[in-house]
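> What follows is a single structure, and I will ask about it in a moment.
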Amino acid sequence: MAWSTSQLAELAGTTLKAVRHYHKVGLLEEPERAVNGYKRYRVSHLVQLLRIRRLVDLGVPLADIAAMRDSAETTEQTLRALDAELAASIERQQQMREELATIMENRALAELPPGFDHVAEDLPDADRAILLAYSSFLTPSAMATLRELHAVPRSTPTTEFDSLPEDASDETRQRLAERFAPEIRRQQEEYPAMTDLETASRRGKGVAQSVVLQILVEYYNRAQLDVLRRIDAILNGG
């Protein structure tokens with residue numbers, strides 16, 4: 001008793017296309033043919049096909065299956081490498097589940113980069129969006145610095161700047177700039193890398209500048225931008 005290609009595929013729980021592909025890449029031996037030209041598969045082919053399917057279902061690439069047939073050492077190395085990949089994948093998925101659980105408890109965390117859960121409740125919506133934008137180009141080290149900066153309670157000048165109305169008076173803007181400037185100077189002295197976009201960016205200085213420029217335009221009103229200009233003038237002795 002011999003089987004046709006479609007019968008073999010059905011027995012192995014796969015498709016006719018898959019069987020033909022395994023023949024094409026040399027994984028499955030070609031069977032003898034009957035006088036009418038039809039292939040005649042036997043149990044040996046079924047066993048080969050089931051072994052292939054078993055490894056494919058475990059995630060072994062077809063190219064590695066071919067190499068595994070010829071060497072026990074290669075088989076061991078391939079399976080150990082696959083096991084390591086699966087272990088890393090499981091760890092990543094577990095971390096994702098933990099993050100999802102945290103986000104389900106506090107939906108605001110979905111609007112922040114990872115690691116900023118300690119400030120989720122205190123940040124204005126604009127600041128959350130800005131932090132997400134920063135995460136698109138800042139290096140891991142720079143993002144760690146931002147987390148450190150946000151780990152301390154928000155200062156009075158910071159909260160006043162966040163809520164500064166667009167029609168704030170010139171006197172209000174100047175007073176806020178003078179109060180805010182020492183804080184900005186201290187941050188620049190403690191974290192000098194944050195003042196150098198070329199160093200802090202993992203996507204190049206040009207990309208970093210374009211994101212920062214868009215942040216300024218979209219998330220700060222005219223009064224806030226004016227305060228930033230005044231702070232820059234104070235810090236640079238203008």
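We label chains A, B, ... in the order they appear in the structure tokens, count residues from 1 in each chain, and number ligands from 1 in the order shown.
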Could you list, as an mmCIF file with N, CA and C atoms, in the first residue's frame, every residue within 9 Å of segment 62-75 of chain A, counting only C-alpha atoms and ignoring same-chain residues fewer than 2 positions away?

```
data_model
loop_
_atom_site.group_PDB
_atom_site.id
_atom_site.type_symbol
_atom_site.label_atom_id
_atom_site.label_comp_id
_atom_site.auth_asym_id
_atom_site.auth_seq_id
_atom_site.Cartn_x
_atom_site.Cartn_y
_atom_site.Cartn_z
ATOM 1 N N TYR A 22 8.939 20.959 0.928
ATOM 2 C CA TYR A 22 9.963 20.154 1.601
ATOM 3 C C TYR A 22 10.762 19.344 0.596
ATOM 4 N N VAL A 25 13.265 21.932 -1.116
ATOM 5 C CA VAL A 25 14.438 22.357 -0.341
ATOM 6 C C VAL A 25 15.276 21.165 0.126
ATOM 7 N N GLY A 26 14.892 19.958 -0.278
ATOM 8 C CA GLY A 26 15.704 18.785 0.019
ATOM 9 C C GLY A 26 15.503 18.162 1.389
ATOM 10 N N LEU A 27 14.441 18.517 2.068
ATOM 11 C CA LEU A 27 14.198 17.946 3.398
ATOM 12 C C LEU A 27 13.498 16.586 3.319
ATOM 13 N N ILE A 52 9.810 16.350 10.388
ATOM 14 C CA ILE A 52 9.957 17.734 9.922
ATOM 15 C C ILE A 52 8.896 18.619 10.573
ATOM 16 N N LEU A 55 9.585 19.435 14.265
ATOM 17 C CA LEU A 55 10.584 20.482 14.473
ATOM 18 C C LEU A 55 10.069 21.856 14.047
ATOM 19 N N VAL A 56 9.318 21.892 12.944
ATOM 20 C CA VAL A 56 8.738 23.159 12.486
ATOM 21 C C VAL A 56 7.787 23.710 13.541
ATOM 22 N N VAL A 60 11.804 25.483 14.813
ATOM 23 C CA VAL A 60 13.113 25.320 14.175
ATOM 24 C C VAL A 60 13.014 25.721 12.707
ATOM 25 N N GLN A 77 23.230 22.100 19.331
ATOM 26 C CA GLN A 77 23.436 23.550 19.293
ATOM 27 C C GLN A 77 22.171 24.275 18.834
ATOM 28 N N THR A 78 21.512 23.719 17.823
ATOM 29 C CA THR A 78 20.299 24.344 17.289
ATOM 30 C C THR A 78 19.190 24.370 18.329
ATOM 31 N N LEU A 79 19.011 23.247 19.009
ATOM 32 C CA LEU A 79 17.945 23.160 20.006
ATOM 33 C C LEU A 79 18.232 24.043 21.219
ATOM 34 N N ARG A 80 19.498 24.112 21.618
ATOM 35 C CA ARG A 80 19.852 24.981 22.751
ATOM 36 C C ARG A 80 19.649 26.457 22.393
#
```
> Please identify every residue of segment 124-145 of chain A that has at least one atom no farther than 10 Å from an atom of segment 155-163 of chain A, counting only C-alpha atoms, and for each give the shortest atom pair and the distance in Å to one decimal, arranged by chain then increasing number, as CSV.

```
residue,atom,partner,partner_atom,distance
A:Pro124,CA,A:Asp162,CA,7.6
A:Ala126,CA,A:Asp162,CA,8.7
A:Asp127,CA,A:Asp162,CA,8.5
```
> Pick out the closest residue to Met96 of chain A from this set: A:Pro114, A:Leu138, A:Glu166, A:Asp125. Count only C-alpha atoms.
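Of A:Pro114, A:Leu138, A:Glu166, A:Asp125, the one nearest Met96 of chain A, counting only C-alpha atoms, is A:Pro114.
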> Atom CA of Ser169 of chain A and atom CA of Ala223 of chain A, how far apart in Å?
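Atom CA of Ala223 of chain A sits 8.5 Å away from atom CA of Ser169 of chain A.
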> Just to confirm, what's the straight-line distance from atom CA of Glu105 of chain A to atom CA of Asp117 of chain A in Å (one decimal)?
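Computed distance, atom CA of Glu105 of chain A to atom CA of Asp117 of chain A, equals 10.9 Å.
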> What does the structure give for the distance between atom CA of Val19 of chain A and atom CA of Glu76 of chain A, in Å to one decimal?
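These two atoms are separated by 25.7 Å.
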> Sorted by chain and rising residue number, which residues of segment 104-180 of chain A lie within 10 Å of segment 208-218 of chain A, and what are their closest atom pairs and distances in Å to one decimal, counting only C-alpha atoms, as a Markdown table?

```
| residue | atom | partner | partner_atom | distance |
| --- | --- | --- | --- | --- |
| A:Ala126 | CA | A:Glu218 | CA | 9.4 |
| A:Ala129 | CA | A:Ile215 | CA | 9.0 |
| A:Ile130 | CA | A:Ile215 | CA | 6.7 |
| A:Ala133 | CA | A:Val211 | CA | 7.2 |
| A:Tyr134 | CA | A:Val211 | CA | 7.7 |
| A:Ser136 | CA | A:Val211 | CA | 8.7 |
| A:Phe137 | CA | A:Ala208 | CA | 6.2 |
| A:Leu138 | CA | A:Ala208 | CA | 7.8 |
```
> I need the chosen residues saved as a short mmCIF file (atom, residue, chain, number, x, y, z; two decimals), in the first residue's frame, with N, CA and C atoms.

```cif
data_model
loop_
_atom_site.label_atom_id
_atom_site.label_comp_id
_atom_site.auth_asym_id
_atom_site.auth_seq_id
_atom_site.Cartn_x
_atom_site.Cartn_y
_atom_site.Cartn_z
N ALA A 126 0.22 67.48 28.63
CA ALA A 126 1.25 67.93 27.68
C ALA A 126 2.60 67.33 28.03
N ALA A 129 2.83 63.74 26.87
CA ALA A 129 3.05 63.67 25.43
C ALA A 129 4.50 64.03 25.09
N ILE A 130 5.05 65.01 25.78
CA ILE A 130 6.43 65.43 25.52
C ILE A 130 7.40 64.32 25.87
N ALA A 133 7.34 61.77 23.19
CA ALA A 133 8.07 62.28 22.02
C ALA A 133 9.57 62.17 22.23
N TYR A 134 10.04 62.51 23.42
CA TYR A 134 11.47 62.39 23.72
C TYR A 134 11.95 60.95 23.57
N SER A 136 11.32 58.88 21.50
CA SER A 136 11.52 58.47 20.11
C SER A 136 12.95 58.70 19.63
N PHE A 137 13.70 59.54 20.35
CA PHE A 137 15.07 59.80 19.88
C PHE A 137 16.13 59.80 20.97
N LEU A 138 15.76 59.95 22.23
CA LEU A 138 16.77 59.98 23.29
C LEU A 138 17.38 58.60 23.53
#
```
> Can you pull out every residue from segment 6-230 of chain A that DSSP, working from the backbone, puts in helix (DSSP H, G or I), and format the result as number ranges by chain?
A: 6-12, 16-24, 43-57, 62-68, 72-105, 107-111, 117-119, 125-135, 140-150, 156-162, 170-190, 192-195, 197-200, 205-219, 222-230
> List every residue of segment 26-230 of chain A that DSSP, applied to the backbone of this structure, assigns to strand (DSSP E or B), and report them as a list in words.
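Strand (DSSP E or B) members of segment 26-230 of chain A, listed: Glu32, Arg33, Lys39, Arg40, Tyr41, Leu138 and Ser201 of chain A.
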> Choose the residue, out of A:Ala34, A:Leu100, A:Leu8, A:Leu16, that has the smallest atom-to-atom separation from Leu50 of chain A; count only C-alpha atoms.
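The shortest atom-to-atom distance to Leu50 of chain A comes from A:Leu8.
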> Near Tyr191 of chain A, counting only C-alpha atoms, which residues have an atom at most 10 Å away, once you skip same-chain residues fewer than 5 positions from it, shown as a PDB file with all heavy atoms, in the first residue's frame?

```pdb
ATOM      1  N   ALA A 142      19.913  58.902  28.395  1.00  0.00           N
ATOM      2  CA  ALA A 142      19.227  60.183  28.512  1.00  0.00           C
ATOM      3  C   ALA A 142      17.834  60.013  29.101  1.00  0.00           C
ATOM      4  O   ALA A 142      17.383  60.822  29.917  1.00  0.00           O
ATOM      5  CB  ALA A 142      19.146  60.861  27.148  1.00  0.00           C
ATOM      6  N   THR A 145      18.121  59.643  32.725  1.00  0.00           N
ATOM      7  CA  THR A 145      18.313  60.953  33.346  1.00  0.00           C
ATOM      8  C   THR A 145      16.976  61.664  33.533  1.00  0.00           C
ATOM      9  O   THR A 145      16.716  62.267  34.585  1.00  0.00           O
ATOM     10  CB  THR A 145      19.243  61.825  32.489  1.00  0.00           C
ATOM     11  OG1 THR A 145      20.535  61.210  32.422  1.00  0.00           O
ATOM     12  CG2 THR A 145      19.391  63.216  33.087  1.00  0.00           C
ATOM     13  N   LEU A 146      16.114  61.580  32.523  1.00  0.00           N
ATOM     14  CA  LEU A 146      14.788  62.193  32.642  1.00  0.00           C
ATOM     15  C   LEU A 146      13.985  61.555  33.773  1.00  0.00           C
ATOM     16  O   LEU A 146      13.283  62.246  34.516  1.00  0.00           O
ATOM     17  CB  LEU A 146      14.027  62.054  31.328  1.00  0.00           C
ATOM     18  CG  LEU A 146      14.361  63.048  30.218  1.00  0.00           C
ATOM     19  CD1 LEU A 146      13.479  62.802  29.004  1.00  0.00           C
ATOM     20  CD2 LEU A 146      14.196  64.477  30.701  1.00  0.00           C
ATOM     21  N   LEU A 149      15.274  63.009  36.919  1.00  0.00           N
ATOM     22  CA  LEU A 149      14.816  64.385  37.095  1.00  0.00           C
ATOM     23  C   LEU A 149      13.363  64.442  37.561  1.00  0.00           C
ATOM     24  O   LEU A 149      12.975  65.320  38.341  1.00  0.00           O
ATOM     25  CB  LEU A 149      14.971  65.160  35.783  1.00  0.00           C
ATOM     26  CG  LEU A 149      16.392  65.553  35.386  1.00  0.00           C
ATOM     27  CD1 LEU A 149      16.421  66.090  33.962  1.00  0.00           C
ATOM     28  CD2 LEU A 149      16.946  66.598  36.343  1.00  0.00           C
ATOM     29  N   ARG A 185      19.694  76.002  35.438  1.00  0.00           N
ATOM     30  CA  ARG A 185      21.153  76.013  35.485  1.00  0.00           C
ATOM     31  C   ARG A 185      21.670  74.824  36.304  1.00  0.00           C
ATOM     32  O   ARG A 185      22.640  74.164  35.905  1.00  0.00           O
ATOM     33  CB  ARG A 185      21.661  77.323  36.083  1.00  0.00           C
ATOM     34  CG  ARG A 185      23.198  77.354  36.207  1.00  0.00           C
ATOM     35  CD  ARG A 185      23.711  78.637  36.828  1.00  0.00           C
ATOM     36  NE  ARG A 185      23.601  79.768  35.890  1.00  0.00           N
ATOM     37  CZ  ARG A 185      22.778  80.780  36.028  1.00  0.00           C
ATOM     38  NH1 ARG A 185      21.959  80.829  37.078  1.00  0.00           N
ATOM     39  NH2 ARG A 185      22.766  81.756  35.148  1.00  0.00           N
ATOM     40  N   ARG A 186      21.032  74.554  37.412  1.00  0.00           N
ATOM     41  CA  ARG A 186      21.459  73.452  38.268  1.00  0.00           C
ATOM     42  C   ARG A 186      21.313  72.105  37.538  1.00  0.00           C
ATOM     43  O   ARG A 186      22.199  71.246  37.608  1.00  0.00           O
ATOM     44  CB  ARG A 186      20.629  73.439  39.553  1.00  0.00           C
ATOM     45  CG  ARG A 186      21.056  72.377  40.556  1.00  0.00           C
ATOM     46  CD  ARG A 186      20.380  72.568  41.901  1.00  0.00           C
ATOM     47  NE  ARG A 186      18.915  72.556  41.779  1.00  0.00           N
ATOM     48  CZ  ARG A 186      18.148  73.628  41.857  1.00  0.00           C
ATOM     49  NH1 ARG A 186      18.684  74.829  42.027  1.00  0.00           N
ATOM     50  NH2 ARG A 186      16.828  73.530  41.741  1.00  0.00           N
ATOM     51  N   ASP A 196      23.404  68.557  25.296  1.00  0.00           N
ATOM     52  CA  ASP A 196      24.053  68.257  24.016  1.00  0.00           C
ATOM     53  C   ASP A 196      23.189  67.246  23.263  1.00  0.00           C
ATOM     54  O   ASP A 196      23.255  66.051  23.519  1.00  0.00           O
ATOM     55  CB  ASP A 196      25.452  67.689  24.257  1.00  0.00           C
ATOM     56  CG  ASP A 196      26.211  67.431  22.962  1.00  0.00           C
ATOM     57  OD1 ASP A 196      25.631  67.642  21.882  1.00  0.00           O
ATOM     58  OD2 ASP A 196      27.376  67.002  23.034  1.00  0.00           O
TER      59      ASP A 196
END
```
> Compare A:Glu189, A:Arg230, A:Leu82, A:Ser44 by their minimum atom-to-atom distance to Leu58 of chain A, counting only C-alpha atoms, and give me the closest one.
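Counting only C-alpha atoms, the residue closest to Leu58 of chain A is A:Leu82.
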